[in-house]
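Student: Just dropping this structure here.
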2 protein chains.
Amino acid sequence: MPQIDTGSGSPAPRKRADARRNEQNLLDAAAAAFVAAGVDVPVRDIAARAGVGVGTIYRHFPTRADLIVAVYRHQVEACAEAGPALLAAVGSPHTALARWLDQFVDFLVTKHGLAEALRSDDPAFEALHGYFVDRLVPVCAGLLDAAVAAGEIRADTDAYQLLRGVGNLCIGARDDARYDPRRLVQLLVAGLRRRRDEPATR
Amino acid sequence: MPQIDTGSGSPAPRKRADARRNEQNLLDAAAAAFVAAGVDVPVRDIAARAGVGVGTIYRHFPTRADLIVAVYRHQVEACAEAGPALLAAVGSPHTALARWLDQFVDFLVTKHGLAEALRSDDPAFEALHGYFVDRLVPVCAGLLDAAVAAGEIRADTDAYQLLRGVGNLCIGARDDARYDPRRLVQLLVAGLRRRRDEPATR
DNA sequence: CAACATACGGAACATTGTTCCGCTTGCCAA
DNA sequence: TTGGCAAGCGGAACAATGTTCCGTATGTTG
């Protein structure tokens, strides 16, 4: 890639105007398509909505994960920032953890197919998984650590596993009225609690 | 579902010998293919293994679910029968439930892609979901009821939801060394426990 | 052994992801 | 303003896979 340096250390090779316009159109079209048909919506459909050819999608977003990350980045960031905020606002770290996970569940179940994609073994989704893990596992770990420090939960639970588990519980929640992931996540969080006479760690 | 006729009205026109042979070959081939490449293995691969054309597969097993159910029927039955057996053999129903779910998890994680298929919204898997629900939810409900009756857990948990949750937790377990669904199922089961000063029902 | 219904094989079609290349167009310099 | 060129575009083409359909082969029966 040619770098046009404009003074200080600004590695911003300005893209062509039509390219920038198309990228924005694609983001909007993808967001709409995701809502209408889930994150598995055919590439052709997104291209049609954006009024571009499929080649243009692949040029801007080489994998589907890139597109999904771009569409949901803001919301993931918001979720990540809510962790420390809750910890500060709520007295009990265990309660803060429960609330944060609730928020995470809300996010996942409202994004048709996102929880499934997070778990897919399709290499096209690897980057998606990676992004979520990088951004959210540390936040979850912070909440867990605080709860352990407060003596509310046992110290033997891994943030990655917990988050994966919660993500998994959200799969298919939209299509099944009899199934409520929030309830199960509550149970899971309840299961973390230190039993009354247990030592804090083991 | 095959009809077993026992005497009266006989709607059982015996199938041709080659048809019966092919059906068995297909079951064997499918079982091998599932182990080698997961339950999502391409239809053509199964056909090639069995030495038949793809048309023959669709004739005997119209949907993939039919084939999967046929291959795993024995093991699902065994799992279903283990429920009452554990209840009888183990003193605490809550412990029996935990053991039974452990067994269920073992079954799911060793069948590449089965947990995913159970949760898929692909209509081809609807019958699979239905079979598992019909066969295992009552067993799970029996264990839950016994645990409630013994005062070990709260009475507000639905067998279907619990089983769906456990199934979900098993998704992708094979491909991720950092993830252990057994651990999370344990937490979930621990979360069911009645808190010490809580009423038995609410 | 003849006739017929059953069952088979695999070509053909549909859907979707992905690549590739000839053409168009924004951008910059002259 | 205009000429030239690299960036960017569109969509045809290819690949993988599920599913259908029909001409053909074969087991079964009288």
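Ligands are numbered from 1 in the order shown, chains are lettered A, B, ... in the order of the structure tokens, and residues start at 1 in each chain.
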Which residues, written as a PyMOL selection string, have at least one atom at most 9 Å from DG26 of chain C, with only C-alpha atoms (C1' of nucleotides) counted and residues fewer than 4 positions away on the same chain left out?
Tutor: (chain A and resi 16-18) or (chain D and resi 7)
Student: Give me, as a list of chain:residue names, the residues of chain B touching chain C, with the criterion being at most 8 Å (counting only C-alpha atoms (C1' of nucleotides)).
Tutor: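 Those within range of chain C come out as B:Arg16, B:Ala19, B:Val52, B:Gly53, B:Val54, B:Gly55, B:Thr56.
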Student: Pick out the residues sitting within 8 Å of Leu187 of chain B, and hand them over as a list in words; count only C-alpha atoms (C1' of nucleotides), and ignore anything fewer than 6 positions along from it in its own chain.
Tutor: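 Residues near the query, excluding close chain neighbours: Leu187, Leu188, Val189, Ala190, Gly191 and Leu192 of chain A.
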Student: Per residue of chain B within 12 Å of chain A, what are the shortest atom pair and its distance in Å to one decimal, counting only C-alpha atoms, with rows by chain and residue number, as JSON lines?
Tutor:
{"residue": "B:Gly38", "atom": "CA", "partner": "A:Asp121", "partner_atom": "CA", "distance": 11.9}
{"residue": "B:His112", "atom": "CA", "partner": "A:Asp121", "partner_atom": "CA", "distance": 11.5}
{"residue": "B:Gly113", "atom": "CA", "partner": "A:Asp121", "partner_atom": "CA", "distance": 9.9}
{"residue": "B:Ala115", "atom": "CA", "partner": "A:Asn168", "partner_atom": "CA", "distance": 10.8}
{"residue": "B:Glu116", "atom": "CA", "partner": "A:Glu116", "partner_atom": "CA", "distance": 8.9}
{"residue": "B:Ala117", "atom": "CA", "partner": "A:Gly172", "partner_atom": "CA", "distance": 11.3}
{"residue": "B:Leu118", "atom": "CA", "partner": "A:Gly172", "partner_atom": "CA", "distance": 10.2}
{"residue": "B:Arg119", "atom": "CA", "partner": "A:Gly172", "partner_atom": "CA", "distance": 6.5}
{"residue": "B:Ser120", "atom": "CA", "partner": "A:Gly172", "partner_atom": "CA", "distance": 7.4}
{"residue": "B:Asp121", "atom": "CA", "partner": "A:Gly172", "partner_atom": "CA", "distance": 7.5}
{"residue": "B:Asp122", "atom": "CA", "partner": "A:Gly172", "partner_atom": "CA", "distance": 11.1}
{"residue": "B:His129", "atom": "CA", "partner": "A:Asp176", "partner_atom": "CA", "distance": 11.9}
{"residue": "B:Ile153", "atom": "CA", "partner": "A:Leu187", "partner_atom": "CA", "distance": 11.6}
{"residue": "B:Arg154", "atom": "CA", "partner": "A:Leu187", "partner_atom": "CA", "distance": 11.0}
{"residue": "B:Asp156", "atom": "CA", "partner": "A:Arg183", "partner_atom": "CA", "distance": 10.2}
{"residue": "B:Thr157", "atom": "CA", "partner": "A:Arg183", "partner_atom": "CA", "distance": 8.9}
{"residue": "B:Asp158", "atom": "CA", "partner": "A:Arg178", "partner_atom": "CA", "distance": 9.3}
{"residue": "B:Ala159", "atom": "CA", "partner": "A:Tyr179", "partner_atom": "CA", "distance": 10.6}
{"residue": "B:Tyr160", "atom": "CA", "partner": "A:Arg178", "partner_atom": "CA", "distance": 7.9}
{"residue": "B:Gln161", "atom": "CA", "partner": "A:Tyr179", "partner_atom": "CA", "distance": 5.6}
{"residue": "B:Leu162", "atom": "CA", "partner": "A:Leu184", "partner_atom": "CA", "distance": 7.5}
{"residue": "B:Leu163", "atom": "CA", "partner": "A:Tyr179", "partner_atom": "CA", "distance": 10.1}
{"residue": "B:Arg164", "atom": "CA", "partner": "A:Tyr179", "partner_atom": "CA", "distance": 7.6}
{"residue": "B:Gly165", "atom": "CA", "partner": "A:Leu169", "partner_atom": "CA", "distance": 5.8}
{"residue": "B:Val166", "atom": "CA", "partner": "A:Leu169", "partner_atom": "CA", "distance": 8.2}
{"residue": "B:Gly167", "atom": "CA", "partner": "A:Leu169", "partner_atom": "CA", "distance": 8.8}
{"residue": "B:Asn168", "atom": "CA", "partner": "A:Asn168", "partner_atom": "CA", "distance": 5.5}
{"residue": "B:Leu169", "atom": "CA", "partner": "A:Asn168", "partner_atom": "CA", "distance": 5.5}
{"residue": "B:Cys170", "atom": "CA", "partner": "A:Asn168", "partner_atom": "CA", "distance": 8.1}
{"residue": "B:Ile171", "atom": "CA", "partner": "A:Asn168", "partner_atom": "CA", "distance": 6.9}
{"residue": "B:Gly172", "atom": "CA", "partner": "A:Arg119", "partner_atom": "CA", "distance": 6.5}
{"residue": "B:Ala173", "atom": "CA", "partner": "A:Arg119", "partner_atom": "CA", "distance": 9.7}
{"residue": "B:Arg174", "atom": "CA", "partner": "A:Asp121", "partner_atom": "CA", "distance": 10.3}
{"residue": "B:Asp175", "atom": "CA", "partner": "A:Asp121", "partner_atom": "CA", "distance": 7.8}
{"residue": "B:Asp176", "atom": "CA", "partner": "A:Asp121", "partner_atom": "CA", "distance": 9.8}
{"residue": "B:Ala177", "atom": "CA", "partner": "A:Gln161", "partner_atom": "CA", "distance": 10.4}
{"residue": "B:Arg178", "atom": "CA", "partner": "A:Gln161", "partner_atom": "CA", "distance": 7.1}
{"residue": "B:Tyr179", "atom": "CA", "partner": "A:Gln161", "partner_atom": "CA", "distance": 5.6}
{"residue": "B:Asp180", "atom": "CA", "partner": "A:Gln161", "partner_atom": "CA", "distance": 7.3}
{"residue": "B:Pro181", "atom": "CA", "partner": "A:Gly165", "partner_atom": "CA", "distance": 7.6}
{"residue": "B:Arg182", "atom": "CA", "partner": "A:Gly165", "partner_atom": "CA", "distance": 10.6}
{"residue": "B:Arg183", "atom": "CA", "partner": "A:Gln161", "partner_atom": "CA", "distance": 8.9}
{"residue": "B:Leu184", "atom": "CA", "partner": "A:Gly165", "partner_atom": "CA", "distance": 6.9}
{"residue": "B:Val185", "atom": "CA", "partner": "A:Leu188", "partner_atom": "CA", "distance": 8.2}
{"residue": "B:Gln186", "atom": "CA", "partner": "A:Gly191", "partner_atom": "CA", "distance": 8.0}
{"residue": "B:Leu187", "atom": "CA", "partner": "A:Gly191", "partner_atom": "CA", "distance": 4.6}
{"residue": "B:Leu188", "atom": "CA", "partner": "A:Leu188", "partner_atom": "CA", "distance": 4.5}
{"residue": "B:Val189", "atom": "CA", "partner": "A:Gly191", "partner_atom": "CA", "distance": 7.2}
{"residue": "B:Ala190", "atom": "CA", "partner": "A:Gly191", "partner_atom": "CA", "distance": 4.8}
{"residue": "B:Gly191", "atom": "CA", "partner": "A:Gly191", "partner_atom": "CA", "distance": 3.7}
{"residue": "B:Leu192", "atom": "CA", "partner": "A:Leu187", "partner_atom": "CA", "distance": 6.3}
{"residue": "B:Arg193", "atom": "CA", "partner": "A:Gly191", "partner_atom": "CA", "distance": 8.3}
{"residue": "B:Arg194", "atom": "CA", "partner": "A:Ala190", "partner_atom": "CA", "distance": 10.5}
{"residue": "B:Arg195", "atom": "CA", "partner": "A:Arg195", "partner_atom": "CA", "distance": 9.3}
{"residue": "B:Arg196", "atom": "CA", "partner": "A:Arg196", "partner_atom": "CA", "distance": 9.2}
{"residue": "B:Asp197", "atom": "CA", "partner": "A:Arg196", "partner_atom": "CA", "distance": 11.7}
Student: Report as a tab-separated table the residues of chain B within 12 Å of chain D, each with its shortest atom pair and distance in Å (one decimal), using only C-alpha atoms (C1' of nucleotides), ordered by chain and increasing residue number.
Tutor:
residue	atom	partner	partner_atom	distance
B:Pro13	CA	D:DT28	C1'	12.0
B:Arg14	CA	D:DT28	C1'	10.8
B:Lys15	CA	D:DG27	C1'	9.9
B:Arg16	CA	D:DG27	C1'	6.4
B:Ala17	CA	D:DG27	C1'	7.2
B:Asp18	CA	D:DG27	C1'	7.7
B:Ala19	CA	D:DG27	C1'	9.6
B:Arg20	CA	D:DG27	C1'	11.8
B:Asp40	CA	D:DT17	C1'	10.7
B:Val41	CA	D:DT17	C1'	10.0
B:Pro42	CA	D:DT17	C1'	6.8
B:Val43	CA	D:DG18	C1'	7.9
B:Arg44	CA	D:DT17	C1'	8.6
B:Asp45	CA	D:DT17	C1'	10.7
B:Val54	CA	D:DT19	C1'	9.5
B:Gly55	CA	D:DT20	C1'	8.7
B:Ile57	CA	D:DT19	C1'	11.1
B:Tyr58	CA	D:DT19	C1'	8.6
B:Arg59	CA	D:DT20	C1'	11.2
B:Pro62	CA	D:DT19	C1'	10.0
B:Thr63	CA	D:DT19	C1'	10.2
B:Arg64	CA	D:DG18	C1'	10.4
B:Ala124	CA	D:DG18	C1'	10.6
Student: Go ahead and write the residues just picked, N, CA and C atoms, as a PDB file, in the first residue's frame.
Tutor:
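What follows is the written file part_32.pdb:
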ATOM      1  N   PRO B  13     -45.492 -53.765   3.615  1.00  0.00           N
ATOM      2  CA  PRO B  13     -45.044 -54.440   2.388  1.00  0.00           C
ATOM      3  C   PRO B  13     -43.536 -54.600   2.447  1.00  0.00           C
ATOM      4  N   ARG B  14     -43.068 -55.785   2.638  1.00  0.00           N
ATOM      5  CA  ARG B  14     -41.630 -55.987   2.849  1.00  0.00           C
ATOM      6  C   ARG B  14     -40.823 -55.308   1.744  1.00  0.00           C
ATOM      7  N   LYS B  15     -39.785 -54.649   2.133  1.00  0.00           N
ATOM      8  CA  LYS B  15     -38.978 -53.935   1.148  1.00  0.00           C
ATOM      9  C   LYS B  15     -38.127 -54.898   0.340  1.00  0.00           C
ATOM     10  N   ARG B  16     -37.688 -54.450  -0.761  1.00  0.00           N
ATOM     11  CA  ARG B  16     -36.803 -55.270  -1.600  1.00  0.00           C
ATOM     12  C   ARG B  16     -35.492 -55.510  -0.875  1.00  0.00           C
ATOM     13  N   ALA B  17     -34.880 -56.638  -1.219  1.00  0.00           N
ATOM     14  CA  ALA B  17     -33.650 -57.026  -0.515  1.00  0.00           C
ATOM     15  C   ALA B  17     -32.559 -55.975  -0.698  1.00  0.00           C
ATOM     16  N   ASP B  18     -32.378 -55.486  -1.911  1.00  0.00           N
ATOM     17  CA  ASP B  18     -31.309 -54.507  -2.143  1.00  0.00           C
ATOM     18  C   ASP B  18     -31.583 -53.214  -1.388  1.00  0.00           C
ATOM     19  N   ALA B  19     -32.859 -52.900  -1.224  1.00  0.00           N
ATOM     20  CA  ALA B  19     -33.189 -51.682  -0.492  1.00  0.00           C
ATOM     21  C   ALA B  19     -32.780 -51.817   0.964  1.00  0.00           C
ATOM     22  N   ARG B  20     -33.085 -52.977   1.544  1.00  0.00           N
ATOM     23  CA  ARG B  20     -32.716 -53.179   2.944  1.00  0.00           C
ATOM     24  C   ARG B  20     -31.192 -53.146   3.099  1.00  0.00           C
ATOM     25  N   ASP B  40     -22.175 -32.739   9.565  1.00  0.00           N
ATOM     26  CA  ASP B  40     -22.415 -31.872   8.415  1.00  0.00           C
ATOM     27  C   ASP B  40     -21.704 -32.365   7.161  1.00  0.00           C
ATOM     28  N   VAL B  41     -21.138 -33.537   7.252  1.00  0.00           N
ATOM     29  CA  VAL B  41     -20.413 -34.081   6.096  1.00  0.00           C
ATOM     30  C   VAL B  41     -21.307 -34.047   4.849  1.00  0.00           C
ATOM     31  N   PRO B  42     -20.745 -33.668   3.705  1.00  0.00           N
ATOM     32  CA  PRO B  42     -21.544 -33.573   2.475  1.00  0.00           C
ATOM     33  C   PRO B  42     -22.244 -34.887   2.130  1.00  0.00           C
ATOM     34  N   VAL B  43     -23.457 -34.764   1.654  1.00  0.00           N
ATOM     35  CA  VAL B  43     -24.236 -35.938   1.272  1.00  0.00           C
ATOM     36  C   VAL B  43     -23.464 -36.809   0.295  1.00  0.00           C
ATOM     37  N   ARG B  44     -22.776 -36.177  -0.625  1.00  0.00           N
ATOM     38  CA  ARG B  44     -22.035 -36.945  -1.634  1.00  0.00           C
ATOM     39  C   ARG B  44     -20.984 -37.856  -0.996  1.00  0.00           C
ATOM     40  N   ASP B  45     -20.373 -37.369   0.066  1.00  0.00           N
ATOM     41  CA  ASP B  45     -19.346 -38.176   0.726  1.00  0.00           C
ATOM     42  C   ASP B  45     -19.946 -39.444   1.320  1.00  0.00           C
ATOM     43  N   VAL B  54     -26.599 -40.388  -4.705  1.00  0.00           N
ATOM     44  CA  VAL B  54     -27.213 -39.500  -3.715  1.00  0.00           C
ATOM     45  C   VAL B  54     -28.725 -39.691  -3.653  1.00  0.00           C
ATOM     46  N   GLY B  55     -29.311 -40.045  -4.785  1.00  0.00           N
ATOM     47  CA  GLY B  55     -30.755 -40.265  -4.799  1.00  0.00           C
ATOM     48  C   GLY B  55     -31.168 -41.313  -3.784  1.00  0.00           C
ATOM     49  N   ILE B  57     -29.796 -41.988  -0.942  1.00  0.00           N
ATOM     50  CA  ILE B  57     -29.828 -41.437   0.404  1.00  0.00           C
ATOM     51  C   ILE B  57     -31.146 -40.728   0.658  1.00  0.00           C
ATOM     52  N   TYR B  58     -31.518 -39.864  -0.279  1.00  0.00           N
ATOM     53  CA  TYR B  58     -32.741 -39.084  -0.075  1.00  0.00           C
ATOM     54  C   TYR B  58     -33.973 -39.980  -0.061  1.00  0.00           C
ATOM     55  N   ARG B  59     -33.919 -41.100  -0.755  1.00  0.00           N
ATOM     56  CA  ARG B  59     -35.062 -42.009  -0.742  1.00  0.00           C
ATOM     57  C   ARG B  59     -35.230 -42.624   0.638  1.00  0.00           C
ATOM     58  N   PRO B  62     -35.128 -38.876   3.954  1.00  0.00           N
ATOM     59  CA  PRO B  62     -35.477 -37.634   3.252  1.00  0.00           C
ATOM     60  C   PRO B  62     -34.766 -36.395   3.793  1.00  0.00           C
ATOM     61  N   THR B  63     -34.547 -36.321   5.075  1.00  0.00           N
ATOM     62  CA  THR B  63     -33.808 -35.173   5.614  1.00  0.00           C
ATOM     63  C   THR B  63     -32.574 -35.680   6.352  1.00  0.00           C
ATOM     64  N   ARG B  64     -31.631 -34.806   6.523  1.00  0.00           N
ATOM     65  CA  ARG B  64     -30.424 -35.190   7.235  1.00  0.00           C
ATOM     66  C   ARG B  64     -30.764 -35.621   8.662  1.00  0.00           C
ATOM     67  N   ALA B 124     -34.107 -28.647   7.998  1.00  0.00           N
ATOM     68  CA  ALA B 124     -33.696 -30.039   7.849  1.00  0.00           C
ATOM     69  C   ALA B 124     -33.378 -30.669   9.199  1.00  0.00           C
TER      70      ALA B 124
END
Student: Using the chain letters and numbers from this document, which residues of segment 56-151 of chain B does DSSP assign to alpha helix (DSSP H), as number ranges by chain?
Tutor: B: 56-60, 64-89, 93-110, 114-119, 126-149
Student: Would you mind reading off the distance between atom CA of Val148 of chain A and atom CA of Ala89 of chain A, one decimal, in Å?
Tutor: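 The value is 17.6 Å.
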Student: I'd like the contact shell of Leu136 of chain B - 10 Å cut-off, only C-alpha atoms (C1' of nucleotides), skipping same-chain residues fewer than 3 positions apart - returned as a list in words.
Tutor: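 So, after excluding close chain neighbours, the residues are Val76, Glu77, Cys79, Ala80, Glu81, Gly83, Phe104, Gly130, Tyr131, Phe132, Val133, Val139, Cys140, Ala141, Gly142, Ala159, Tyr160 and Leu163 of chain B.
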Student: For those residues, write N, CA and C atoms to a file as a compact mmCIF listing (two decimals), in the first residue's frame.
Tutor:
# COMPACT_ATOMS: atom_id res chain seq x y z
N VAL B 76 -29.18 -42.45 22.14
CA VAL B 76 -30.15 -41.56 22.77
C VAL B 76 -31.06 -42.36 23.69
N GLU B 77 -31.45 -43.53 23.22
CA GLU B 77 -32.29 -44.39 24.07
C GLU B 77 -31.55 -44.73 25.36
N CYS B 79 -29.28 -43.08 26.83
CA CYS B 79 -29.23 -41.90 27.68
C CYS B 79 -30.57 -41.70 28.39
N ALA B 80 -31.64 -41.89 27.66
CA ALA B 80 -32.96 -41.72 28.25
C ALA B 80 -33.18 -42.72 29.39
N GLU B 81 -32.74 -43.94 29.17
CA GLU B 81 -32.97 -44.96 30.18
C GLU B 81 -32.07 -44.77 31.40
N GLY B 83 -31.63 -42.11 32.99
CA GLY B 83 -32.22 -41.17 33.94
C GLY B 83 -32.84 -41.85 35.15
N PHE B 104 -24.96 -36.80 29.33
CA PHE B 104 -25.52 -36.17 28.14
C PHE B 104 -24.45 -35.30 27.46
N GLY B 130 -36.76 -32.23 17.48
CA GLY B 130 -37.98 -32.82 18.01
C GLY B 130 -37.74 -34.17 18.67
N TYR B 131 -36.95 -34.98 18.04
CA TYR B 131 -36.69 -36.31 18.60
C TYR B 131 -35.99 -36.20 19.95
N PHE B 132 -34.97 -35.39 20.01
CA PHE B 132 -34.25 -35.23 21.27
C PHE B 132 -35.18 -34.69 22.36
N VAL B 133 -35.98 -33.71 22.00
CA VAL B 133 -36.88 -33.13 22.99
C VAL B 133 -37.87 -34.18 23.48
N VAL B 139 -37.39 -37.22 30.64
CA VAL B 139 -36.43 -37.81 31.58
C VAL B 139 -35.85 -36.71 32.47
N CYS B 140 -35.47 -35.62 31.84
CA CYS B 140 -34.92 -34.50 32.61
C CYS B 140 -35.95 -33.98 33.60
N ALA B 141 -37.18 -33.89 33.14
CA ALA B 141 -38.25 -33.41 34.03
C ALA B 141 -38.40 -34.33 35.24
N GLY B 142 -38.28 -35.63 35.00
CA GLY B 142 -38.38 -36.57 36.11
C GLY B 142 -37.30 -36.33 37.15
N ALA B 159 -37.63 -28.15 32.43
CA ALA B 159 -36.74 -29.19 31.90
C ALA B 159 -36.28 -28.87 30.48
N TYR B 160 -37.20 -28.37 29.69
CA TYR B 160 -36.83 -28.05 28.31
C TYR B 160 -35.73 -26.99 28.26
N LEU B 163 -32.34 -28.37 29.43
CA LEU B 163 -31.72 -29.25 28.45
C LEU B 163 -31.21 -28.46 27.25
Student: Work out how far atom CA of Ala147 of chain B is from atom CA of Arg99 of chain A, in Å to one decimal.
Tutor: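 We find that atom CA of Arg99 of chain A and atom CA of Ala147 of chain B lie 28.6 Å from each other.
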Student: Could you jot down the atom CA of Gln75 of chain A to atom CA of Phe107 of chain A separation for me, Å, one decimal place?
Tutor: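 That distance, rounded to one decimal, is 8.0 Å.
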